[in-house]
Structure formats: C-alpha cells, structure tokens
Amino acid sequence: MSRAIAKYWITSVMVGLVIVFAFLYVRPGWETKGDPKLRLATLEGDPKAVANLSVWGTYRYSRDFNSRIGLDVDGIIHEKEPTLYEQTFEPWLSAKTVKNMFDGNLDFLRGKKNYGTFYSDDEMLAYANTEHVNDDWVLQISVLDKDTKQQSDFEVQYPDSNTRNYWFTDALQRAANGDIIVLSTHSVNVDAEETRHDKELVRLQIDTGKKAISSVTTVIAGREEDKKQLGLLRNTKVYNPMPYMLISAPMNGKWGYYSYQTATGKLSPISIVKAGTEIPTMFDVADDRLDYAYTDGSRIHLQSFDLATGQPESEEILIDTSQWNAVSARAVAANPKAFSIIYENKKADDPIAGVAIVDRKTGKVIYRAEVQADGTEQERQEALRKFDLVSGLAL
Amino acid sequence: MMTFWKLLNLEVKRLVIPFVIMAIMVAAVQMYGAHAMARHTENEAKEIMAREKLATVQQLEELHGLASYADVIRINQSPWIILPIGLCIAFLLFYLFFVWYRDFIGKHSFMSRLLMVPASRHHIYFAKLFAPLLVIFALLAVQLLVLPVENRYYNSLLPDEMRVEYPLNYLISAIPFLRKLIPLSAEQFAFNYGMGIAAVIVLYTGVLLERSFRLLGLFGAIVYAVAAVYIATIPLGLGDHWFFYEKARLLAGIISVIGALSLWLSLYLLKRKITV
C-alpha cells in the first residue's frame, strides 16, 4: 500500500484532497459555526405539558444577514435546505400541508396556480382561482370527489368584466347541498386615475353539476382606509370547513369586525369594544368561537366570542407580563384549553425574550420559558439583543 | 487495474502544474480580495460614523449593523472570488479538449503508444475522465479550505468590535455563482455534478467521433451534441401539469441515459474505430 502511494504520490495527493473536500462538505459545522449560544430555558411549569418545546425567531447575524432559526432547550435548530420535492410546493404549500391534505390525491395539484385557493374536507378537494382572460374576469374551478376520484374542471365568468376593476379569490367552502361557495374581493375603480377603489366582498355560489354560478350576493361593501382593509381576516391558502369566518369592514362609520356564517351568509357584528389605543395581535377562529387578543404594551387582553351571536363568551383575561420585566407582549395562538403568548424587553440589561402557555380560564401560567444565552456578559447581551421571537410555543 | 492507476497517475501528473497554479491563484486573489474588502469596510464605517457623528462602533451597529465578510462579498458580488474561479473553469473547459488532442499531435503521436498498451483501452478513457474530475474536486477542497481563512483574515484586519461571527454556509450562499459550485444540499450537489460529468462524457464522445471519422466525425459530433442538449432540455419545456420534482427527476433520468449511451459509444469508438 505504502509503495503504491509512494509510486503514485501525485494521484494520492489529489485523492486525498478529494477526501478533504468530501469531509469539509459533509461535516457538521457549516451551519452552526459562528452561531450564538442561545437556548430555551424552562422557568416555570413542567416541560412535558408542552407539545413541542421549540420556538422560531430571526437572528441578525450581520448587517444584511437575518436568518430564521429555531430554539429548543439544547440550542439552535437550523432549517434544512429544501429538497426538490419540497421546492415543488413550498413556499405556497408546505410539504406537511401537502401530505396532510392532498396525500393520495396529489394529481389534483397539477396545473394549479400558486396564488389560487384550495379547500379540503373528508369528501372533497376544491380549487378556485381568478384570472383575467381575453378581457374577461373568470373564475377557474376544480373539484375532486375523494371517494369516486372524479374530477371536474371548469370556468365561470364573473358578473363584472370591466378591466379597470379587479377580482381576487379570498376563500373557498362547500355548501350542504354540494355547491361550492367562493368569497371573492371585487375592487371597483371610482376615479379616472385609478387611485381609489371601493371594495366589496362577494359570495358566489357555484353549482358544480351545472358548472354555473347559481347565486351572487354582496356580503359587505365599503371604501378602504389607510392600513384598514375590507375583507376576510386570516386568509389562508388551504381552507378546511369553516362554519364561521371573520370579516373586517366599516361599521356605522367606524371600523369593526363581523362574523360571517358560511352556510347561511348571515353577517353579525362582533361586540369587540375598542378604545382606540389597543393593538390587536390575535384573531383565532375555531368552529363557532373567536379568540381575540390585543396588547397595550406589556399587558395582553384575551377574550372569547361566540361567532353565532357576536357576543363575548367569557370575561376578559388580563396577563400582565411586566411581572417578568417585559415591556411588550402578544398572544399568538389559542386552543380550547390554553393561550400561547410571547413577551419581550429588548432594552433590559439582559434583553428578555420569553414564551408562555397560560390557562384560558384562569390566566395562570402552565409553562413559561425564556431565551437564554451562554458566554461572557457581552456575548450574552449581544446574542439576546439580535434575536427576535416570531412564534410562540405550539399548542 | 494497475494499468488504470498508472495511466491515471500519468494524466494527473500532466495536470499538477496547472492545478498548483490554479490553487495558488484562487487563494492569493481571494486573500487579496479579503484584504481589499476589509479596508473598504473600515473606511465605510469611518465615513458613516463621521457623517452621522457616531461616537462608538456599538452605535454604528445599532443603526446600520456591522458588515461581515459575507455581506461585503454579497453586495459587491466580489470579482475577487468570481474571477479566479471563472479562470479555473475556462482553463478546465479548454483542458477537456486538450487532454485528447495533445496526444494526437505529431507524426509518432503519444496516442499511438497509449493504444498499444497491452490492456483494455477503457483504462485510457477513464484515466482521461477521472484526472480532470480529481482536479475539479481538489480545487473545490482548496476553495472550502480558503473560504474560512479569508473570513478570518478579513476579521483580523478589522478592530475587535467590528468583527462578526456567522455560519460559514452564508459565505457560500452570498454569491449565487459559488452556491452553484458548492450547493448546500447533497441532492443539489449530486444533481449539478451529475449533469456536469454527463456533459464531459458527451464532449468526449464528440472528440472521439471527430478523431474516428475526421471531417464527417466532426459533423456527427456537432449533431450528437446538439441532439443531446435538445433532448436534455425537453423536461424544462414541459407545462405546469408536471411538478417541478418530476421535471427534475425526468431531467436526471434523461441525463443518465445520455451519459450512459455516450459512455458506451465513446468506449466503442476507442476500441474499434479510433485511428491515429
């Protein structure tokens, strides 16, 4: 062996360099060297009470390099490079969504536009997309019966084809009789310069058998103002069955929120009392309940509403995160048992970034953790200052 | 087998001097680039601090952030990095022709001696295929070794408080050209270099066609190369009823078939048709 290496030493050096390359390429460390020593540390409660003990945020490594990183109790989690399969669907649909909702029916996604809207329930997959074709606004519809695997693709024409006005698909649902319900935004130009638009949210009910629009109803109409958009709150790419949706629109001269009953088209104002200074941070709609949260600095106000009546379901819960030296806080998620919140104080000597899960009835902390850094005092402060929480703990 | 190693050693030996020159050029030019970038960063910081009357680097960092080596090479798409790599690629492209034609030059060409070696002629082909590939991957090793050194050198030229630590994969992704050469996912790496190796095999087939049938062979080589490129690009023209990953897999499949077919044709030409 050594004689062969001596004889072919030049080739051996080259092969050695190729091995060095392979080692440098696959070794762990390209992603993590230079990382701050950040981790999530439990401060209250039992970590076993948390479904997934990790959070996501952004870290500002340098002037132009912000990276999305995850944190758990062991340290930093880096996102993996997407595979070719993942690149196919992301960023508009995550590989997880594709697996959960289209597994076995992947062919349904063929030829669909990434700005289209999808719907999935136990029996049906549906797709709707608005396009401007030959001076007409058309709604492209695809419906798949999951049992029979029968797919139907067709187009219907929007009622207004004026090219100075715009249509956009917002949401997709299925009616009890099997019709498709499409909620679309209709933006109507009101001046010659095309600078101002009136908006209306339009409900189109589509008979999939006849492949035609069976009814068109205006849900709500009004003129948008700065930073106030008329329409559905919490739009998504893929809709599950939603008995109620949430709409933001002008209400007696003031902006407010409505619940929209998908089956009947009934619109009910939600009695959210607004002082004007609050910053809404969470509108979580689940079945017939809205979990609403706003913040006025370090205090988070949480309340649930019955979307059938628009009335509060519970007393307001107040979580004051100043007890943890936070100056800003927000709720990020809710489920029937708990809320997930984030709190921060960037200006503290040791900047604070914390997450907690609180009981939705009592407001008491079930679990609380803060981002902590290891190293010298300067390293710790710098690492914490450059990190911004994006997600809280998953519920 | 020993014949192959001997022939490979011979081919690699012929590439050693160009390799050493290329490795030194890449390292030297990029290190000089790191030096120039560090000076640029320092001067820029001084200018901003003077203009905005900032007393400390910490204030500069809070307002503008600190420029890492990756930031400055990304913004400038650093010619100090792209140029030496580009020159290496240009030389290696030229060498892929030269590796064959050099041996055909002269009345008593070296190729006639090679073809008389009492062993399978496949060894000649594979030695000429693997030698440039070894050099390419060895140069990539040099690049991966030099990048962190450049980064450290850049930092060493800056005051302590202006130094920035970050994962080195950002350094690679800062320049799209570098990211193509060293993709951060193994799947992409296999895809890029698989295509590259298939392209080299097609090119060798073209050379051997020309060497086997001269003018007619040259015409055949051009037709073969154009057909190979045309067939390989078919998946790219498929509509949106094909998923991206399906197009990529189809492309990989087509390229594998073209590569295998070209390899078979090359070995056949070398064994049966080549004349000196």
# chains A, B, ... in the order shown; residues from 1 in each chain; ligands from 1
$ residues_around --residues "Leu17 (chain A)" --least-positions-apart "6" --cutoff "9 Å" --atoms "only C-alpha atoms" --output "number ranges by chain"
B: 134-135, 137-142
$ interface_residues --of "chain B" --to "chain A" --cutoff "9 Å" --atoms "only C-alpha atoms" --output "PyMOL selection string"
chain B and resi 5-6+8-10+12-13+16+61+64-68+70-71+131+134-145+164-170+182+184-188+239-246+248-249
$ residues_around --residues "Leu129 (chain B)" --least-positions-apart "3" --cutoff "10 Å" --atoms "only C-alpha atoms" --output "VMD selection string"
chain B and resid 8 11 96 99 123 to 126 132 to 134 197 200 to 201 204
$ select_by_dssp --residues "region 137-291 of chain A" --states "strand (DSSP E)" --output "mmCIF file with C-alpha atoms, in the first residue's frame"
data_model
loop_
_atom_site.group_PDB
_atom_site.id
_atom_site.type_symbol
_atom_site.label_atom_id
_atom_site.label_comp_id
_atom_site.auth_asym_id
_atom_site.auth_seq_id
_atom_site.Cartn_x
_atom_site.Cartn_y
_atom_site.Cartn_z
ATOM 1 C CA TRP A 137 -62.597 38.048 -15.389
ATOM 2 C CA VAL A 138 -63.048 34.324 -14.994
ATOM 3 C CA LEU A 139 -63.147 32.029 -12.015
ATOM 4 C CA GLN A 140 -61.391 28.711 -12.611
ATOM 5 C CA ILE A 141 -62.848 25.905 -10.528
ATOM 6 C CA SER A 142 -61.665 22.345 -9.938
ATOM 7 C CA VAL A 143 -63.498 19.859 -7.747
ATOM 8 C CA LEU A 144 -62.444 16.332 -6.842
ATOM 9 C CA ASP A 145 -64.693 13.753 -5.197
ATOM 10 C CA GLN A 151 -62.557 15.480 -11.075
ATOM 11 C CA SER A 152 -64.398 18.330 -12.700
ATOM 12 C CA ASP A 153 -62.608 21.412 -14.098
ATOM 13 C CA PHE A 154 -64.492 24.378 -15.469
ATOM 14 C CA GLU A 155 -64.598 28.153 -15.687
ATOM 15 C CA VAL A 156 -67.357 30.609 -14.865
ATOM 16 C CA GLN A 157 -67.441 34.273 -15.706
ATOM 17 C CA TYR A 166 -60.322 43.698 -10.162
ATOM 18 C CA TRP A 167 -61.411 40.370 -8.728
ATOM 19 C CA PHE A 168 -59.487 38.219 -6.285
ATOM 20 C CA THR A 169 -60.367 34.849 -4.762
ATOM 21 C CA ASP A 170 -60.381 35.029 -0.973
ATOM 22 C CA ALA A 171 -61.909 31.863 0.408
ATOM 23 C CA LEU A 172 -63.436 28.589 -0.595
ATOM 24 C CA GLN A 173 -66.023 26.472 1.206
ATOM 25 C CA ARG A 174 -68.579 23.786 0.428
ATOM 26 C CA ILE A 180 -69.035 25.475 -3.951
ATOM 27 C CA ILE A 181 -69.022 28.790 -2.108
ATOM 28 C CA VAL A 182 -66.376 31.233 -3.278
ATOM 29 C CA LEU A 183 -65.785 34.506 -1.454
ATOM 30 C CA SER A 184 -64.081 36.964 -3.783
ATOM 31 C CA THR A 185 -62.992 40.549 -3.344
ATOM 32 C CA HIS A 186 -64.311 42.886 -6.020
ATOM 33 C CA SER A 187 -62.308 46.070 -6.260
ATOM 34 C CA VAL A 188 -64.231 48.788 -8.123
ATOM 35 C CA ASN A 189 -62.368 51.747 -9.546
ATOM 36 C CA HIS A 197 -61.178 51.758 -5.157
ATOM 37 C CA ASP A 198 -64.369 50.722 -3.450
ATOM 38 C CA LYS A 199 -64.286 47.178 -2.277
ATOM 39 C CA GLU A 200 -66.948 44.580 -1.844
ATOM 40 C CA LEU A 201 -66.764 41.043 -0.629
ATOM 41 C CA VAL A 202 -68.895 38.919 -2.951
ATOM 42 C CA ARG A 203 -70.278 35.444 -2.317
ATOM 43 C CA LEU A 204 -70.584 33.293 -5.421
ATOM 44 C CA GLN A 205 -72.413 30.011 -5.031
ATOM 45 C CA ILE A 206 -71.483 27.592 -7.785
ATOM 46 C CA ASP A 207 -73.475 24.586 -8.854
ATOM 47 C CA ALA A 212 -72.510 27.571 -13.407
ATOM 48 C CA ILE A 213 -72.952 30.313 -10.839
ATOM 49 C CA SER A 214 -76.251 29.759 -9.053
ATOM 50 C CA SER A 215 -76.230 32.944 -6.967
ATOM 51 C CA VAL A 216 -74.189 36.102 -6.431
ATOM 52 C CA THR A 217 -74.541 38.104 -3.215
ATOM 53 C CA THR A 218 -72.628 41.071 -1.883
ATOM 54 C CA VAL A 219 -71.555 40.210 1.653
ATOM 55 C CA ILE A 220 -70.330 43.672 2.568
ATOM 56 C CA ALA A 221 -69.100 46.778 0.740
ATOM 57 C CA GLY A 222 -67.195 49.915 1.632
ATOM 58 C CA ARG A 223 -64.208 52.109 0.960
ATOM 59 C CA GLY A 231 -62.408 41.701 3.772
ATOM 60 C CA LEU A 232 -61.618 38.424 5.438
ATOM 61 C CA VAL A 238 -55.916 25.899 2.105
ATOM 62 C CA TYR A 239 -59.299 26.054 3.796
ATOM 63 C CA TYR A 244 -67.832 30.964 10.544
ATOM 64 C CA MET A 245 -65.344 33.418 9.133
ATOM 65 C CA LEU A 246 -64.164 36.784 10.343
ATOM 66 C CA ILE A 247 -64.559 39.979 8.352
ATOM 67 C CA SER A 248 -63.108 43.429 8.921
ATOM 68 C CA ALA A 249 -65.227 46.278 7.497
ATOM 69 C CA PRO A 250 -66.616 49.740 8.289
ATOM 70 C CA MET A 251 -69.480 49.589 10.762
ATOM 71 C CA LYS A 254 -66.205 53.039 12.489
ATOM 72 C CA TRP A 255 -64.168 50.006 11.546
ATOM 73 C CA GLY A 256 -65.162 46.801 13.253
ATOM 74 C CA TYR A 257 -65.424 43.065 12.957
ATOM 75 C CA TYR A 258 -68.214 40.808 11.747
ATOM 76 C CA SER A 259 -68.765 37.086 11.948
ATOM 77 C CA TYR A 260 -69.934 35.554 8.689
ATOM 78 C CA GLN A 261 -71.929 32.346 8.815
ATOM 79 C CA LEU A 267 -73.429 38.674 8.995
ATOM 80 C CA SER A 268 -73.279 39.522 12.732
ATOM 81 C CA PRO A 269 -71.265 42.335 14.284
ATOM 82 C CA ILE A 279 -53.096 46.724 19.069
ATOM 83 C CA PRO A 280 -54.938 43.534 18.058
ATOM 84 C CA THR A 281 -52.490 40.630 17.937
ATOM 85 C CA MET A 282 -54.616 37.518 17.589
ATOM 86 C CA PHE A 283 -57.846 36.544 15.839
ATOM 87 C CA ASP A 284 -58.109 32.795 16.195
ATOM 88 C CA VAL A 285 -61.271 31.332 14.684
ATOM 89 C CA ALA A 286 -62.162 27.743 15.600
ATOM 90 C CA ARG A 289 -65.553 30.643 18.615
ATOM 91 C CA LEU A 290 -63.271 33.619 18.141
ATOM 92 C CA ASP A 291 -60.298 34.004 20.460
#
$ residues_around --residues "region 316-331 of chain A" --least-positions-apart "5" --cutoff "10 Å" --atoms "only C-alpha atoms" --output "ChimeraX atom specification"
/A:279-283,291-304,339-348,351-365,391-392
$ closest_residue --among "B:Ile82, B:Leu238, B:Ala232, B:Met162" --to "Ile254 (chain B)" --atoms "only C-alpha atoms"
B:Ala232
$ residues_around --residues "Asp147 (chain A)" --least-positions-apart "5" --cutoff "10 Å" --atoms "only C-alpha atoms" --output "ChimeraX atom specification"
/A:122-124
$ write_last_selection --atoms "N, CA and C atoms" --output "mmCIF file, in the first residue's frame"
data_model
loop_
_atom_site.group_PDB
_atom_site.id
_atom_site.type_symbol
_atom_site.label_atom_id
_atom_site.label_comp_id
_atom_site.auth_asym_id
_atom_site.auth_seq_id
_atom_site.Cartn_x
_atom_site.Cartn_y
_atom_site.Cartn_z
ATOM 1 N N ASP A 122 -63.404 15.872 4.258
ATOM 2 C CA ASP A 122 -63.299 14.402 4.167
ATOM 3 C C ASP A 122 -63.715 13.875 2.798
ATOM 4 N N GLU A 123 -64.629 14.609 2.146
ATOM 5 C CA GLU A 123 -65.187 14.082 0.896
ATOM 6 C C GLU A 123 -64.642 14.770 -0.360
ATOM 7 N N MET A 124 -64.181 15.981 -0.222
ATOM 8 C CA MET A 124 -63.915 16.772 -1.421
ATOM 9 C C MET A 124 -62.631 17.598 -1.344
#
